[in-house]
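See structure below.
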There are 2 protein chains.
Amino acid sequence: MKVKGRNMRTIWVGEDGWSVEIIDQTALPHELIIASLENVHQAATAIKDMLVRGAPLIGVTGAYGMALAMRENASDENISAAYEILYKTRPTAVNLRWALDDMVGLLSQTPVEKREAVAYKRAGELADEDAKICETIGDYGLEIIRKIWQENGCPKVFNILTHCNAGWLATVDWGTALAPVYKAFNEGIPLHVWVDETRPRSQGASLTAWELSEHGVPHSLIVDNCGGHLMQHGMVDMCIVGTDRTSSNGDVCNKIGTYLKALAAHDNNVPFYVALPSPTIDWTIADGVKEVPIEERAEEEVTWVKGRAKDGSIQEVRICPERTKAANYGFDVTPAKYVTGLITEAGVCEASKQGLVNLFVKKRA
Amino acid sequence: MKVKGRNMRTIWVGEDGWSVEIIDQTALPHELIIASLENVHQAATAIKDMLVRGAPLIGVTGAYGMALAMRENASDENISAAYEILYKTRPTAVNLRWALDDMVGLLSQTPVEKREAVAYKRAGELADEDAKICETIGDYGLEIIRKIWQENGCPKVFNILTHCNAGWLATVDWGTALAPVYKAFNEGIPLHVWVDETRPRSQGASLTAWELSEHGVPHSLIVDNCGGHLMQHGMVDMCIVGTDRTSSNGDVCNKIGTYLKALAAHDNNVPFYVALPSPTIDWTIADGVKEVPIEERAEEEVTWVKGRAKDGSIQEVRICPERTKAANYGFDVTPAKYVTGLITEAGVCEASKQGLVNLFVKKRA
């Protein structure tokens with residue numbers, strides 16, 4: 001997507017042909033810093049310290065980390081060592097494990113002298129595949145946006161609400177929930193996006209607002225409390241969010257607060273769509289509310305807020321009394337009955353066991 | 001309620017017998033600063049700059065402002081002048097107008113030489129009356145808490161969720177939504193309060209958390225996104241919030257985000273109560289969602305967050321890109337059907353036209 005007027009991805013190979021460049025997302029939205037990764041340790045640090053985040057992007061960064069390792073030493077021992085270094089950065093990230101397994105499988109079958117070239121090529125393919133999946137989600141989502149826009153009488157402002165950041169910064173390009181938004185904007189549908197701040201980490205305020213701002217998509221930042229009021233008053237035409245994990249019955253685990261917006265959408269007949277690459281479907285889980293474990297994160301994310309002070313410095317400020325403790329649940333689960341539809345790279349389906357089976361199992365059978 | 005172990009109100013007459021002391025709420029939760037108001041202009045500034053906030057407290061501060069004015073000059077001209085100075089600070093605050101009208105009515109019938117004494121006496125009565133109303137709300141609310149606690153099998157931790165600050169800091173003492181909490185805590189019911197941060201102004205994090213912390217009530221700060229997840233998982237036994245305005249059919253206008261919590265409570269069979277002094281009932285409005293105008297406030301409240309930096313200084317930090325605009329709706333309306341009951345100083349009733357009429361009209365008839 002566009003940054004300062006030119007197209008950009010979140011990760012790419014530098015002009016030297018081997019160093020791996022990324023956007024340092026910890027500096028956003030206040031500064032655009034390009035970090036150069038020159039060895040496997042730097043790639044690992046980029047993942048661990050969240051310079052890159054978002055499941056697909058973490059996976060691709062892991063793959064490029066393997067390529068950097070092969071450049072230094074393409075031995076079998078170093079394949080194993082690099083895997084360990086990269087894997088332990090975010091051991092619960094399914095995409096990371098998947099990408100690393102893919103790389104190891106390929107490299108172990110490749111003669112040592114060709115491993116560097118093969119690794120770079122495969123990492124590039126993984127990046128392209130991710131971008132393609134997201135673009136396809138965008139195409140399917142565009143059809144839905146166009147349909148609802150037309151059904152609503154082609155209003156001069158078509159309002160979409162989103163929560164957290166499921167944009168291109170979480171992937172290689174396009175994003176998931178925001179891919180349809182970019183497609184519709186590029187096609188000339190007059191969009192305006194309500195951007196949920198998304199406390200505690202404020203990914204909406206910092207990342208989604210930055211993405212939309214750079215690409216030129218009209219948007220307004222709102223606090224997480226606001227969406228219900230907007231929906232009550234006809235100021236939201238549809239919601240689109242991403243998901244970290246979708247259960248086989250269509251329950252959607254996503255950033256904390258998603259469930260509250262889905263309830264408000266349901267109460268006001270606002271279509272509520274979830275965009276996802278199919279690997280985030282967890283076929284082993286039937287009841288998302290009961291079975292998905294919800295991560296509890298550090299309370300400092302709640303009690304402290306980071307931003308840019310008036311003197312330009314980046315500061316953190318404490319917003320509550322010293323003695324007050326906080327609880328910090330990272331995600332919640334929106335029951336399938338509140339989800340209008342799932343937008344995937346294979347098409348759109350109802351958020352239900354039947355819908356998912358029809359799209360992914362029967363089609364393939 | 002308790003502060004540093006001793007009982008305190010939000011406003012009182014100083015040891016000199018005439019200066020009016022208040023808690024400067026703009027310095028909370030990081031510092032407890034007592035401001036001394038020595039003339040009508042200082043009282044006006046305290047209201048305008050929100051050193052005091054909350055409808056009942058603003059009214060009482062206005063009344064004491066009249067008393068300070070009478071001390072300086074008890075002439076008819078000065079009654080009018082003081083009224084003007086105080087009224088224009090918050091012209092939309094109904095309680096302020098009501099308190100000032102009450103004072104003027106009384107003072108204009110009082111001989112000049114007695115006006116100072118009469119004004120102090122009446123301001124003190126208004127303060128006591130407000131504290132009494134809130135304490136009575138607390139008594140009625142306590143019965144509900146005790147009942148639900150017992151129905152739930154007297155759990156060792158009884159979890160109450162509240163939004164924004166409807167505590168004693170918004171009144172003279174006790175508060176509205178928090179009055180039942182203090183009563184139940186004082187009686188020994190093992191409470192734990194989930195405190196919604198309440199963006200954008202974060203009154204939950206700064207004021208509710210401070211109040212509860214000082215009084216010793218166990219509590220945890222949570223982001224506004226969190227409550228739905230907690231309710232889904234049985235971690236909230238009941239919700240209690242305040243209200244700025246209640247329509248004659250029981251719709252409740254309160255701080256933005258209240259509606260989302262009511263939806264989640266409804267979805268999970270969690271009792272959702274609203275505590276209010278009866279003057280906040282607006283009998284002229286039937287449909288709260290359609291008829292209550294919602295204030296749009298400055299976007300800087302959304303884009304900047306205030307707190308204490310690591311060096312101890314109070315700082316504001318910007319959380320989004322420079323170009324990003326924000327929308328800032330101050331309140332939302334929760335339809336009566338999502339409200340389990342209204343707790344007032346006259347008793348508890350259903351959130352409906354019939355419920356309110358039975359409690360306030362038929363009883364008086």
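Identifiers in this document derive from the order of the structure tokens: chains are assigned A, B, ..., residues are numbered from 1 separately in each chain, and ligands are numbered from 1 in order of occurrence.
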Within 6 Å of chain B: residues of chain A, using only C-alpha atoms, as a list in words: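 Selected residues: Pro29, Ala205, Ser206, Trp210, Ser220, Leu221, Ile222, Asn225, Cys226, His229, Ile256, Gly257, Leu260, Gly307, Arg308, Ala309, Glu316, Val317, Arg318, Ile319, Cys320, Pro321, Lys325, Ala326, Ala327 and Asp332 of chain A.
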Can you write just those residues out, C-alpha atoms, as a short mmCIF file (atom, residue, chain, number, x, y, z; two decimals), in the first residue's frame?
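Wrote it out as result.cif, contents follow:
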```cif
data_model
loop_
_atom_site.label_atom_id
_atom_site.label_comp_id
_atom_site.auth_asym_id
_atom_site.auth_seq_id
_atom_site.Cartn_x
_atom_site.Cartn_y
_atom_site.Cartn_z
CA PRO A 29 2.83 6.34 13.88
CA ALA A 205 -4.75 4.84 16.75
CA SER A 206 -1.16 4.09 15.89
CA TRP A 210 -1.25 5.61 9.98
CA SER A 220 -11.69 9.30 11.96
CA LEU A 221 -10.21 7.98 15.16
CA ILE A 222 -12.78 7.12 17.82
CA ASN A 225 -16.58 3.25 23.63
CA CYS A 226 -17.99 5.12 20.65
CA HIS A 229 -23.60 5.18 19.61
CA ILE A 256 -10.37 -7.64 23.01
CA GLY A 257 -13.46 -5.51 22.38
CA LEU A 260 -18.80 -5.58 22.04
CA GLY A 307 2.76 8.57 22.68
CA ARG A 308 4.56 11.67 21.53
CA ALA A 309 4.86 14.50 24.04
CA GLU A 316 4.94 6.81 28.51
CA VAL A 317 2.48 8.20 31.03
CA ARG A 318 0.70 6.47 33.89
CA ILE A 319 -3.06 7.07 33.87
CA CYS A 320 -4.14 5.65 37.23
CA PRO A 321 -3.09 5.69 40.90
CA LYS A 325 -3.69 -2.94 39.60
CA ALA A 326 -5.01 -3.80 36.17
CA ALA A 327 -6.29 -6.90 34.41
CA ASP A 332 -12.26 -12.05 23.19
#
```
Please identify the strand (DSSP E) residues within range 122-283 of chain B (assignment by DSSP from backbone atoms) and present them as a ChimeraX atom specification. /B:158-162,191-196,219-222,238-241,245-247,252-255,272-275,281-282
Dump as a short mmCIF file (atom, residue, chain, number, x, y, z; two decimals), in the first residue's frame, selection limited to N, CA, C and O atoms:
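Resulting contents of out31.cif:
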```
data_model
loop_
_atom_site.label_atom_id
_atom_site.label_comp_id
_atom_site.auth_asym_id
_atom_site.auth_seq_id
_atom_site.Cartn_x
_atom_site.Cartn_y
_atom_site.Cartn_z
N PHE B 158 -17.31 -11.03 44.96
CA PHE B 158 -18.50 -10.61 44.23
C PHE B 158 -18.08 -9.47 43.31
O PHE B 158 -17.66 -8.40 43.76
N ASN B 159 -18.15 -9.72 42.00
CA ASN B 159 -17.59 -8.78 41.03
C ASN B 159 -18.63 -7.81 40.48
O ASN B 159 -19.63 -8.22 39.89
N ILE B 160 -18.35 -6.53 40.67
CA ILE B 160 -19.21 -5.47 40.13
C ILE B 160 -18.43 -4.71 39.08
O ILE B 160 -17.27 -4.33 39.31
N LEU B 161 -19.05 -4.47 37.93
CA LEU B 161 -18.40 -3.66 36.89
C LEU B 161 -19.05 -2.28 36.86
O LEU B 161 -20.27 -2.15 36.93
N THR B 162 -18.22 -1.24 36.80
CA THR B 162 -18.76 0.12 36.65
C THR B 162 -18.02 0.85 35.55
O THR B 162 -16.89 0.50 35.18
N LEU B 191 -16.47 -7.52 47.99
CA LEU B 191 -16.55 -6.95 46.65
C LEU B 191 -15.21 -6.89 45.96
O LEU B 191 -14.17 -6.73 46.59
N HIS B 192 -15.28 -6.97 44.64
CA HIS B 192 -14.17 -6.56 43.78
C HIS B 192 -14.79 -5.80 42.62
O HIS B 192 -15.76 -6.26 42.02
N VAL B 193 -14.25 -4.62 42.32
CA VAL B 193 -14.84 -3.78 41.29
C VAL B 193 -13.97 -3.78 40.04
O VAL B 193 -12.76 -3.51 40.12
N TRP B 194 -14.56 -4.10 38.88
CA TRP B 194 -13.89 -3.90 37.59
C TRP B 194 -14.12 -2.45 37.19
O TRP B 194 -15.26 -2.03 36.99
N VAL B 195 -13.06 -1.71 37.07
CA VAL B 195 -13.16 -0.28 36.77
C VAL B 195 -12.84 -0.04 35.29
O VAL B 195 -11.69 -0.18 34.86
N ASP B 196 -13.86 0.28 34.50
CA ASP B 196 -13.63 0.66 33.10
C ASP B 196 -12.78 1.93 33.05
O ASP B 196 -13.13 2.93 33.70
N HIS B 219 -10.17 -3.57 43.66
CA HIS B 219 -10.61 -3.21 42.31
C HIS B 219 -9.50 -3.51 41.32
O HIS B 219 -8.33 -3.63 41.71
N SER B 220 -9.87 -3.64 40.05
CA SER B 220 -8.90 -3.78 38.97
C SER B 220 -9.31 -2.84 37.84
O SER B 220 -10.47 -2.81 37.45
N LEU B 221 -8.33 -2.15 37.32
CA LEU B 221 -8.57 -1.31 36.15
C LEU B 221 -8.60 -2.22 34.92
O LEU B 221 -7.77 -3.12 34.78
N ILE B 222 -9.56 -1.99 34.03
CA ILE B 222 -9.61 -2.71 32.75
C ILE B 222 -9.84 -1.70 31.64
O ILE B 222 -10.38 -0.61 31.87
N MET B 238 -22.64 -8.28 38.61
CA MET B 238 -23.60 -7.24 38.26
C MET B 238 -22.86 -6.00 37.78
O MET B 238 -21.67 -5.82 38.06
N CYS B 239 -23.58 -5.15 37.05
CA CYS B 239 -23.05 -3.85 36.64
C CYS B 239 -23.86 -2.77 37.33
O CYS B 239 -25.08 -2.91 37.50
N ILE B 240 -23.18 -1.70 37.75
CA ILE B 240 -23.88 -0.50 38.23
C ILE B 240 -23.20 0.71 37.60
O ILE B 240 -21.98 0.86 37.69
N VAL B 241 -23.99 1.56 36.97
CA VAL B 241 -23.46 2.79 36.40
C VAL B 241 -24.33 3.96 36.85
O VAL B 241 -25.41 3.76 37.41
N ARG B 245 -28.84 11.70 32.51
CA ARG B 245 -30.20 12.06 32.14
C ARG B 245 -30.95 10.76 31.86
O ARG B 245 -30.46 9.90 31.12
N THR B 246 -32.11 10.62 32.45
CA THR B 246 -32.93 9.42 32.24
C THR B 246 -34.25 9.88 31.64
O THR B 246 -34.89 10.80 32.15
N SER B 247 -34.66 9.28 30.53
CA SER B 247 -35.91 9.70 29.89
C SER B 247 -37.09 9.10 30.64
O SER B 247 -36.94 8.17 31.45
N VAL B 252 -31.45 5.52 29.31
CA VAL B 252 -30.43 6.09 30.19
C VAL B 252 -29.30 6.71 29.37
O VAL B 252 -28.59 6.02 28.65
N CYS B 253 -29.15 8.02 29.48
CA CYS B 253 -28.03 8.69 28.83
C CYS B 253 -26.88 8.76 29.82
O CYS B 253 -27.02 9.33 30.91
N ASN B 254 -25.78 8.17 29.46
CA ASN B 254 -24.62 8.18 30.36
C ASN B 254 -23.36 8.24 29.49
O ASN B 254 -23.42 8.27 28.26
N LYS B 255 -22.22 8.26 30.13
CA LYS B 255 -20.93 8.36 29.45
C LYS B 255 -20.85 7.39 28.27
O LYS B 255 -21.28 6.24 28.37
N PHE B 272 -27.98 -5.39 35.17
CA PHE B 272 -27.39 -4.09 34.80
C PHE B 272 -28.24 -3.00 35.45
O PHE B 272 -29.35 -2.70 34.99
N TYR B 273 -27.72 -2.40 36.51
CA TYR B 273 -28.47 -1.38 37.25
C TYR B 273 -27.91 0.03 37.00
O TYR B 273 -26.70 0.19 36.78
N VAL B 274 -28.80 1.00 37.07
CA VAL B 274 -28.41 2.40 36.92
C VAL B 274 -28.85 3.14 38.18
O VAL B 274 -30.00 3.02 38.60
N ALA B 275 -27.91 3.87 38.79
CA ALA B 275 -28.20 4.62 40.02
C ALA B 275 -28.35 6.10 39.68
O ALA B 275 -27.53 6.65 38.94
N ILE B 281 -34.02 12.68 36.18
CA ILE B 281 -35.08 12.16 35.29
C ILE B 281 -35.64 13.32 34.48
O ILE B 281 -36.03 14.35 35.02
N ASP B 282 -35.63 13.17 33.15
CA ASP B 282 -36.18 14.22 32.29
C ASP B 282 -37.55 13.75 31.79
O ASP B 282 -37.65 12.99 30.83
#
```
Write out as a list in words which residues come within 9 Å of range 113-119 of chain A when counting only C-alpha atoms, dropping same-chain ones fewer than 3 positions away.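 Once the adjacent positions are removed, what remains is Ala63, Tyr64, Met66, Ala67, Leu68, Ala69, Met70, Arg71, Glu72, Asn73, Ala74, Ser75, Met103, Leu106, Leu107, Ser108, Thr110, Arg122, Ala123 and Gly124 of chain A.
What separates CA of Glu38 in chain B from CA of Ala82 in chain B is a distance of 13.5 Å.
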Identify, on the basis of only C-alpha atoms, every residue whose closest approach to Pro91 in chain A does not exceed 12 Å; exclude the query and any residue fewer than 2 positions from it along the same chain; express the result as an MDAnalysis selection string. chainID A and resid 44 47:48 55 58:59 62 83:89 93:98 100
Might you pull out every residue within 8 Å of Leu359 in chain B, with only C-alpha atoms counted and same-chain residues fewer than 2 positions away left off, and present them as a VMD selection string? chain B and resid 346 to 349 355 to 357 361 to 363
Alpha helix (DSSP H) positions in range 126-189 of chain A, given as a count of residues only: 36
